$ cat input_0.cif   # mmCIF, C-alpha atoms
data_my_file
#
loop_
_atom_site.label_atom_id
_atom_site.label_comp_id
_atom_site.auth_asym_id
_atom_site.auth_seq_id
_atom_site.Cartn_x
_atom_site.Cartn_y
_atom_site.Cartn_z
CA MET A 28 -86.17 120.25 115.25
CA VAL A 29 -86.54 116.55 116.02
CA TRP A 30 -90.26 116.61 115.39
CA TYR A 31 -89.71 118.47 112.12
CA SER A 32 -87.33 115.71 111.11
CA VAL A 33 -89.93 113.10 112.12
CA LEU A 34 -92.53 114.86 109.98
CA LEU A 35 -90.20 114.89 106.97
CA VAL A 36 -89.40 111.21 107.40
CA ARG A 37 -93.06 110.27 107.64
CA VAL A 38 -93.90 111.99 104.37
CA ARG A 39 -90.80 110.26 102.97
CA GLU A 40 -88.77 113.41 102.34
CA LEU A 41 -85.84 111.37 103.57
CA ALA A 42 -82.95 113.53 102.38
CA SER A 43 -84.42 116.62 104.05
CA GLY A 44 -85.27 114.68 107.18
CA ALA A 45 -81.72 113.34 107.40
CA ARG A 46 -80.27 116.85 107.08
CA VAL A 47 -82.46 118.20 109.89
CA LEU A 48 -81.64 115.20 112.05
CA ALA A 49 -77.90 115.71 111.45
CA GLY A 50 -78.30 119.23 112.85
CA VAL A 51 -80.01 117.83 115.95
CA GLU A 52 -77.25 115.28 116.46
CA GLU A 53 -74.62 118.01 116.16
CA LEU A 54 -76.49 120.02 118.79
CA THR A 55 -76.70 117.06 121.19
CA ALA A 56 -72.98 116.44 120.77
CA ARG A 57 -72.27 119.98 122.08
CA ALA A 58 -74.95 120.20 124.77
CA GLU A 59 -74.53 119.10 128.37
CA GLU A 60 -78.10 118.06 129.29
CA THR A 61 -79.20 115.99 126.32
CA GLY A 62 -81.12 113.00 127.72
CA GLY A 63 -84.50 113.79 126.18
CA LEU A 64 -83.12 115.24 122.98
CA VAL A 65 -80.80 112.28 122.46
CA ALA A 66 -83.66 109.83 123.04
CA ALA A 67 -85.93 111.62 120.57
CA SER A 68 -83.20 111.88 117.92
CA LEU A 69 -82.35 108.16 118.28
CA ILE A 70 -85.99 107.18 117.78
CA CYS A 71 -86.25 109.49 114.75
CA ALA A 72 -83.04 108.00 113.35
CA ALA A 73 -84.56 104.55 113.84
CA GLU A 74 -87.59 105.50 111.76
CA LEU A 75 -85.34 106.96 109.07
CA ALA A 76 -83.30 103.74 108.92
CA PHE A 77 -86.47 101.65 108.82
CA THR A 78 -87.91 103.53 105.85
CA ARG A 79 -84.61 103.09 104.01
CA GLY A 80 -84.76 99.32 104.51
CA ASP A 81 -81.98 99.14 107.12
CA VAL A 82 -84.08 97.25 109.64
CA ASP A 83 -81.20 96.01 111.79
CA SER A 84 -79.99 99.58 112.37
CA ALA A 85 -83.57 100.70 113.03
CA ALA A 86 -83.98 98.13 115.79
CA ASP A 87 -80.61 99.03 117.32
CA LEU A 88 -81.35 102.76 117.29
CA ALA A 89 -84.86 102.28 118.70
CA GLY A 90 -83.49 100.08 121.49
CA ARG A 91 -80.95 102.74 122.41
CA GLY A 92 -83.75 105.31 122.28
CA VAL A 93 -85.76 103.28 124.80
CA HIS A 94 -82.76 103.19 127.14
CA ARG A 95 -82.17 106.96 126.89
CA ALA A 96 -85.88 107.76 127.30
CA GLN A 97 -86.09 105.64 130.43
CA GLN A 98 -82.95 107.28 131.83
CA ALA A 99 -84.51 110.72 131.24
CA ASP A 100 -87.88 109.57 132.63
CA LEU A 101 -89.52 110.50 129.32
CA ASN A 102 -92.00 107.65 129.07
CA SER A 103 -94.04 109.52 126.45
CA LEU A 104 -91.31 108.64 123.93
CA LEU A 105 -91.57 104.89 124.55
CA PRO A 106 -94.59 104.12 122.32
CA ASP A 107 -92.81 105.41 119.20
CA ALA A 108 -89.75 103.33 120.03
CA HIS A 109 -91.80 100.23 120.84
CA THR A 110 -93.75 100.67 117.59
CA MET A 111 -90.51 100.79 115.63
CA LEU A 112 -89.16 97.71 117.42
CA ALA A 113 -92.40 95.77 116.82
CA LEU A 114 -92.49 96.69 113.12
CA SER A 115 -88.80 95.89 112.65
CA ALA A 116 -89.24 92.41 114.11
CA LEU A 117 -92.43 91.84 112.14
CA ARG A 118 -90.80 92.88 108.88
CA GLN A 119 -87.98 90.42 109.43
CA GLY A 120 -90.40 87.64 110.25
CA ASN A 121 -89.47 87.39 113.93
CA MET A 122 -92.93 86.98 115.40
CA SER A 123 -91.87 86.21 118.96
CA VAL A 124 -89.85 89.42 119.25
CA SER A 125 -92.63 91.40 117.58
CA LEU A 126 -95.10 89.99 120.10
CA ASP A 127 -92.90 91.17 122.96
CA PHE A 128 -93.04 94.76 121.71
CA VAL A 129 -96.74 94.59 120.85
CA ASP A 130 -97.24 93.62 124.49
CA GLN A 131 -95.15 96.66 125.44
CA LEU A 132 -97.48 98.81 123.33
CA ARG A 133 -100.49 97.40 125.18
CA GLN A 134 -98.77 98.35 128.43
CA ASP A 135 -98.04 101.83 127.05
CA ALA A 136 -101.74 102.21 126.21
CA LEU A 137 -102.83 101.08 129.68
CA LEU A 138 -100.47 103.61 131.24
CA GLY A 139 -101.76 106.43 129.02
CA ARG A 140 -98.53 106.91 127.10
CA THR A 141 -100.04 106.59 123.60
CA VAL A 142 -102.15 109.75 123.58
CA ASP A 143 -99.88 111.70 121.20
CA ARG A 144 -99.84 109.36 118.17
CA PRO A 145 -102.13 106.41 118.96
CA SER A 146 -102.61 105.41 115.31
CA GLN A 147 -98.99 104.25 115.01
CA CYS A 148 -99.38 101.89 117.96
CA ALA A 149 -102.75 100.60 116.77
CA TRP A 150 -101.43 99.93 113.27
CA ALA A 151 -98.40 98.04 114.55
CA ALA A 152 -100.63 95.86 116.71
CA ALA A 153 -103.14 95.34 113.89
CA GLN A 154 -100.41 94.21 111.48
CA PHE A 155 -99.07 91.75 114.01
CA LEU A 156 -102.51 90.27 114.72
CA GLU A 157 -103.30 90.02 110.99
CA VAL A 158 -100.07 88.15 110.28
CA GLN A 159 -100.52 85.89 113.30
CA GLY A 160 -104.19 85.01 112.92
CA GLY A 161 -105.66 86.61 109.81
CA ALA A 162 -107.75 89.74 109.32
CA LYS A 163 -110.52 88.57 111.65
CA SER A 164 -108.16 88.52 114.63
CA ALA A 165 -107.42 92.22 114.00
CA ALA A 166 -110.96 93.21 113.03
CA HIS A 167 -111.60 95.35 116.12
CA LEU A 168 -108.42 97.37 115.57
CA ILE A 169 -108.94 97.69 111.82
CA ALA A 170 -112.50 98.95 112.24
CA GLY A 171 -111.44 101.20 115.12
CA ILE A 172 -108.73 102.89 113.04
CA ILE A 173 -110.90 103.34 109.96
CA THR A 174 -113.99 104.73 111.73
CA ASP A 175 -112.10 107.17 113.96
CA ASP A 176 -111.64 110.47 112.12
CA GLN A 177 -108.47 111.41 113.99
CA LEU A 178 -106.84 107.99 113.88
CA ILE A 179 -107.38 107.40 110.15
CA LEU A 180 -106.05 110.81 109.09
CA GLU A 181 -103.08 110.62 111.42
CA LEU A 182 -102.15 107.17 110.11
CA LEU A 183 -102.65 107.96 106.42
CA ALA A 184 -100.53 111.10 106.76
CA SER A 185 -97.60 109.24 108.30
CA GLN A 186 -97.61 105.74 106.78
CA PRO A 187 -97.78 105.56 102.96
CA ALA A 188 -98.50 101.82 103.00
CA ALA A 189 -101.39 102.10 105.45
CA ALA A 190 -104.20 103.09 103.06
CA ALA A 191 -103.77 100.08 100.77
CA TRP A 192 -103.21 97.76 103.74
CA LEU A 193 -106.46 98.91 105.32
CA VAL A 194 -108.38 98.54 102.03
CA ARG A 195 -106.96 95.04 101.63
CA THR A 196 -107.77 93.92 105.17
CA ALA A 197 -111.23 95.51 105.17
CA ARG A 198 -112.04 93.48 102.08
CA LYS A 199 -110.74 90.31 103.74
CA LEU A 200 -113.28 91.08 106.46
CA GLY A 201 -115.96 91.42 103.78
CA ASP A 202 -116.67 95.04 104.70
CA GLU A 203 -116.71 97.07 101.49
CA SER A 204 -117.92 100.20 103.27
CA LEU A 205 -114.77 100.28 105.41
CA ALA A 206 -112.60 99.81 102.31
CA GLU A 207 -114.42 102.65 100.53
CA ARG A 208 -114.02 104.95 103.55
CA VAL A 209 -110.25 104.39 103.57
CA ALA A 210 -109.92 105.17 99.86
CA SER A 211 -112.09 108.27 100.26
CA GLU A 212 -110.08 109.56 103.22
CA ALA A 213 -106.80 108.91 101.36
CA ALA A 214 -108.07 110.78 98.29
CA GLY A 215 -109.23 113.73 100.40
CA LEU A 216 -105.90 113.90 102.20
CA ALA A 217 -104.02 113.88 98.89
CA ALA A 218 -106.25 116.63 97.50
CA ARG A 219 -105.47 118.82 100.50
CA ASN A 220 -101.73 118.12 100.27
CA ARG A 221 -100.92 118.36 96.58
CA GLY A 222 -97.25 117.96 95.88
CA LEU A 223 -96.63 115.53 98.75
CA ARG A 224 -95.73 112.55 96.61
CA SER A 225 -95.95 109.89 99.33
CA ILE A 226 -99.53 110.87 100.21
CA GLU A 227 -100.58 111.11 96.56
CA ALA A 228 -99.06 107.69 95.76
CA ALA A 229 -100.84 106.16 98.75
CA ALA A 230 -104.19 107.53 97.55
CA VAL A 231 -103.67 106.18 94.02
CA HIS A 232 -102.67 102.80 95.46
CA ALA A 233 -105.78 102.58 97.66
CA ASP A 234 -108.10 103.68 94.85
CA GLY A 235 -106.53 101.30 92.32
CA LEU A 236 -106.87 98.43 94.77
CA LEU A 237 -110.49 99.33 95.54
CA GLU A 238 -111.35 99.54 91.83
CA GLU A 239 -109.24 96.45 91.04
CA ASP A 240 -107.35 98.47 88.43
CA PRO A 241 -103.83 97.02 88.04
CA GLU A 242 -102.63 99.95 85.91
CA ARG A 243 -103.40 102.46 88.65
CA VAL A 244 -101.73 100.26 91.22
CA ILE A 245 -98.62 99.97 89.05
CA ALA A 246 -98.60 103.76 88.71
CA ALA A 247 -98.72 103.97 92.50
CA ALA A 248 -95.86 101.49 92.82
CA GLU A 249 -93.71 103.63 90.54
CA ALA A 250 -94.63 106.79 92.45
CA HIS A 251 -94.14 105.49 96.00
CA LEU A 252 -91.09 106.92 97.78
CA ASP A 253 -91.25 104.18 100.40
CA LEU A 254 -89.56 100.90 99.34
CA TRP A 255 -91.93 98.62 101.22
CA ALA A 256 -95.04 100.51 100.10
CA GLY A 257 -93.83 100.29 96.49
CA ALA A 258 -93.23 96.56 96.83
CA SER A 259 -96.70 96.05 98.29
CA ALA A 260 -98.19 97.96 95.33
CA TYR A 261 -96.32 95.74 92.86
CA GLU A 262 -97.62 92.70 94.74
CA ASP A 263 -101.19 94.01 94.59
CA ALA A 264 -100.87 94.79 90.87
CA GLY A 265 -99.31 91.42 90.10
CA THR A 266 -102.08 89.65 92.00
CA LEU A 267 -104.73 91.54 90.02
CA LEU A 268 -102.98 90.79 86.73
CA SER A 269 -102.66 87.11 87.57
CA GLU A 270 -106.46 86.90 87.63
CA LEU A 271 -106.68 88.07 84.00
CA ASP A 272 -106.46 85.38 81.31
CA GLN A 273 -104.02 87.11 78.99
CA GLU A 274 -101.78 88.79 81.58
CA ARG A 275 -99.83 85.89 83.10
CA ASP A 276 -96.42 86.98 81.76
CA ARG A 277 -96.94 90.55 82.90
CA ALA A 278 -98.15 89.35 86.29
CA VAL A 279 -94.93 87.39 86.68
CA GLU A 280 -92.84 90.44 85.76
CA ILE A 281 -94.66 92.66 88.26
CA LEU A 282 -94.51 90.09 91.05
CA GLU A 283 -90.77 89.72 90.47
CA ARG A 284 -90.48 93.47 91.08
CA ALA A 285 -92.39 92.99 94.33
CA VAL A 286 -89.98 90.27 95.48
CA ASP A 287 -87.00 92.50 94.72
CA GLY A 288 -88.59 95.46 96.49
CA TYR A 289 -89.35 93.45 99.60
CA ALA A 290 -85.81 92.05 99.59
CA ARG A 291 -84.40 95.59 99.44
CA SER A 292 -86.73 96.54 102.32
CA ALA A 293 -85.35 93.71 104.49
CA ALA A 294 -88.80 92.09 104.45
CA PRO A 295 -88.11 88.39 103.81
CA ARG A 296 -91.48 87.20 105.09
CA ASP A 297 -93.27 89.35 102.51
CA ALA A 298 -90.84 88.40 99.76
CA ARG A 299 -91.36 84.72 100.44
CA ARG A 300 -95.14 85.17 100.22
CA VAL A 301 -94.74 86.59 96.71
CA VAL A 302 -92.39 83.75 95.80
CA SER A 303 -95.28 81.44 96.66
CA LYS A 304 -97.56 83.41 94.34
CA LEU A 305 -95.01 83.10 91.56
CA ARG A 306 -94.85 79.38 92.17
CA SER A 307 -98.62 79.15 91.74
CA LEU A 308 -98.07 80.70 88.31
CA GLY A 309 -95.55 77.97 87.49
CA VAL A 310 -92.46 80.08 88.12
CA ARG A 311 -89.64 78.42 90.04
CA ARG A 312 -87.70 81.33 91.47
CA GLY A 313 -84.24 80.06 92.38
CA ARG A 314 -84.11 81.04 96.05
CA TYR A 315 -86.38 81.93 98.88
CA PRO A 316 -85.52 85.28 100.45
CA GLN A 317 -84.14 84.28 103.82
CA TYR A 318 -85.30 85.16 107.30
CA ALA A 319 -83.10 87.21 109.58
CA GLY A 320 -82.34 86.05 113.07
CA ALA A 321 -80.90 82.87 114.47
CA GLY A 322 -82.75 79.89 115.83
CA GLN A 323 -82.72 80.99 119.43
CA ASP A 324 -84.61 77.91 120.60
CA GLY A 325 -82.16 75.46 119.08
CA VAL A 326 -84.33 74.41 116.13
CA SER A 327 -82.30 73.69 113.03
CA ALA A 328 -83.71 74.36 109.57
CA GLY A 329 -81.15 71.88 108.29
CA SER A 330 -83.16 69.04 109.84
CA LEU A 331 -85.93 69.61 107.28
CA THR A 332 -85.91 68.42 103.71
CA VAL A 333 -86.39 70.97 100.93
CA THR A 334 -90.06 70.10 100.52
CA GLU A 335 -90.65 70.13 104.28
CA ALA A 336 -89.13 73.61 104.46
CA ALA A 337 -91.47 74.79 101.71
CA VAL A 338 -94.47 73.26 103.50
CA ALA A 339 -93.43 74.86 106.80
CA GLU A 340 -93.05 78.22 105.10
CA LEU A 341 -96.49 78.14 103.47
CA VAL A 342 -98.25 76.79 106.57
CA SER A 343 -96.63 79.57 108.60
CA GLN A 344 -98.24 82.05 106.20
CA GLY A 345 -101.67 80.65 107.06
CA PHE A 346 -102.32 78.45 104.02
CA THR A 347 -104.49 75.34 104.45
CA ASN A 348 -103.14 71.92 103.47
CA SER A 349 -105.02 72.00 100.17
CA GLN A 350 -103.69 75.48 99.38
CA VAL A 351 -100.14 74.40 100.21
CA GLY A 352 -100.62 71.43 97.91
CA GLU A 353 -101.74 73.72 95.09
CA HIS A 354 -98.64 75.88 95.52
CA LEU A 355 -96.26 72.92 95.57
CA PHE A 356 -98.15 70.72 93.10
CA ILE A 357 -98.68 67.92 95.61
CA SER A 358 -101.84 66.53 97.21
CA GLY A 359 -103.30 67.74 100.47
CA HIS A 360 -102.72 64.28 101.93
CA THR A 361 -99.02 64.54 101.06
CA VAL A 362 -98.90 67.94 102.75
CA ALA A 363 -100.40 66.41 105.91
CA PHE A 364 -97.77 63.66 105.80
CA HIS A 365 -94.97 66.22 105.54
CA LEU A 366 -96.54 68.33 108.27
CA LYS A 367 -96.47 65.42 110.76
CA LYS A 368 -92.75 65.00 110.14
CA ILE A 369 -92.19 68.76 110.47
CA PHE A 370 -94.01 68.85 113.82
CA ARG A 371 -91.85 65.99 115.11
CA LYS A 372 -88.55 67.45 113.86
CA MET A 373 -89.31 70.94 115.13
CA ASN A 374 -90.85 69.73 118.40
CA VAL A 375 -94.11 71.65 117.93
CA ALA A 376 -97.67 70.48 118.41
CA SER A 377 -99.75 72.89 116.35
CA ARG A 378 -99.74 75.16 113.32
CA VAL A 379 -99.60 78.17 115.65
CA GLU A 380 -96.47 76.86 117.33
CA LEU A 381 -94.96 76.08 113.94
CA THR A 382 -95.61 79.66 112.76
CA ARG A 383 -93.92 81.12 115.84
CA THR A 384 -90.94 78.78 115.64
CA TRP A 385 -90.45 79.04 111.89
CA SER A 386 -90.09 82.81 112.15
CA ARG A 387 -87.06 82.29 114.37
CA ILE A 388 -85.23 79.88 112.07
CA SER A 389 -81.85 81.05 110.93
CA SER A 390 -81.08 81.95 107.36
CA ALA A 391 -77.82 80.04 107.73
CA ALA A 392 -79.16 77.01 105.86
CA PRO A 393 -78.94 77.92 102.17
CA GLU A 394 -79.50 74.33 101.11
CA LEU A 395 -83.17 74.81 102.03
CA ALA A 396 -83.61 77.79 99.77
CA GLN A 397 -84.32 75.85 96.59
CA VAL A 398 -87.49 73.91 95.94
CA GLY A 399 -87.13 71.27 93.27
#

$ encode --input "input_0.cif" --output "structure tokens"
Amino acid sequence: MVWYSVLLVRVRELASGARVLAGVEELTARAEETGGLVAASLICAAELAFTRGDVDSAADLAGRGVHRAQQADLNSLLPDAHTMLALSALRQGNMSVSLDFVDQLRQDALLGRTVDRPSQCAWAAAQFLEVQGGAKSAAHLIAGIITDDQLILELLASQPAAAAWLVRTARKLGDESLAERVASEAAGLAARNRGLRSIEAAAVHADGLLEEDPERVIAAAEAHLDLWAGASAYEDAGTLLSELDQERDRAVEILERAVDGYARSAAPRDARRVVSKLRSLGVRRGRYPQYAGAGQDGVSAGSLTVTEAAVAELVSQGFTNSQVGEHLFISGHTVAFHLKKIFRKMNVASRVELTRTWSRISSAAPELAQVG
């Protein structure tokens, strides 16, 4: 029953998945020997919470699932839990915590625990590497997923945002053949599973992105059952529209939908990226979506000025000084000046250190949320 619930959650039939899971939880409450069943149901509940945008609950449930699985000596359950923990931290912008669980996934792979659903682990690691160092740093994983018949189908069937993400990253790598293979596999999967809305929406999203057709991508955004996948489709559509001369106002409207979708998905890092895109279109959105998590290393966001906070945010997303300047309407030399002060105030020595530290900064500094 747990695996049936997992299947329903992964095709985003969330109401049905929740009902099946409730039956499992009722069974575990009555049973005497429930270690493995409790662990599996906790991990499934974590995935359900994650897809609903309740990332804090997802991390808590997955952590409890790890504990129960270890107690029951069911190490085969650990990769799913570690994947959920890595993705939860990544979505909230907490790179250091995400790295810890990505390292756990590497250990799981070395110990042969990832044989059941390896695509989930590979995708979590690929997303982390792409955020940390760009598409090139994840190139081996991206190509490995796309060119492996089993991995690509398994991932596309269970993660509605994966097809578009893979098309996007393959293009960043300059490999159009990989992007085309993803779109083709997504279309074939949708054709074989008509009526599964999450899979059909994912195929439309990937195809629209491949063809650079904003209308198809918008249609996918409206069809997606997954909040984060829908937000990513709105972001893709808004980006495409922003490149068309007469579509600026519509691009702004669609990107605003993306920000709201990411905010509802508890994905502040993604929302803040779209805020930066809006700023490049001349839109001054009132507040940055805030990061979750406190400054565990004692760094205070309040020590930065408003402009320094904006520079730190954009640099942490991988923008060059000149690109940051374009976003904030200041020169690249001024960005470098601000960056020196940021390094000193935050006690970091490189852009990589800044990225790691910035992801841990508390959201308890609302005075930094507005850029004048």

$ residues_near_point --input "input_0.cif" --point "(-90.0, 116.6, 109.1)" --cutoff "10 Å" --atoms "all atoms listed in the file" --output "list in words"
Met28, Val29, Trp30, Tyr31, Ser32, Val33, Leu34, Leu35, Val36, Arg37, Val38, Arg39, Glu40, Leu41, Ser43, Gly44, Ala45, Arg46, Val47, Leu48 and Cys71 of chain A

$ residues_around --input "input_0.cif" --residues "Ser123 of chain A" --least-positions-apart "5" --cutoff "10 Å" --atoms "only C-alpha atoms" --output "short mmCIF file (atom, residue, chain, number, x, y, z; two decimals) with C-alpha atoms, keeping the file's coordinate frame"
data_model
loop_
_atom_site.label_atom_id
_atom_site.label_comp_id
_atom_site.auth_asym_id
_atom_site.auth_seq_id
_atom_site.Cartn_x
_atom_site.Cartn_y
_atom_site.Cartn_z
CA ALA A 113 -92.40 95.77 116.82
CA ALA A 116 -89.24 92.41 114.11
CA LEU A 117 -92.43 91.84 112.14
CA PHE A 128 -93.04 94.76 121.71
CA VAL A 129 -96.74 94.59 120.85
CA THR A 382 -95.61 79.66 112.76
CA ARG A 383 -93.92 81.12 115.84
CA THR A 384 -90.94 78.78 115.64
CA SER A 386 -90.09 82.81 112.15
CA ARG A 387 -87.06 82.29 114.37
#

$ resolve_selection --input "input_0.cif" --expression "the PyMOL selection byres ((chain A and resi 351) around 12)" --output "PyMOL selection string"
chain A and resi 300+303-304+306-307+334-350+352-363+365-366

$ residues_around --input "input_0.cif" --residues "segment 157-171 of chain A" --least-positions-apart "5" --cutoff "7 Å" --atoms "all atoms listed in the file" --output "ChimeraX atom specification"
/A:149,196,199-200

$ closest_residue --input "input_0.cif" --among "A:Val82, A:Ala217, A:Leu75, A:Ala278" --to "Ser292 of chain A" --atoms "only C-alpha atoms"
A:Val82
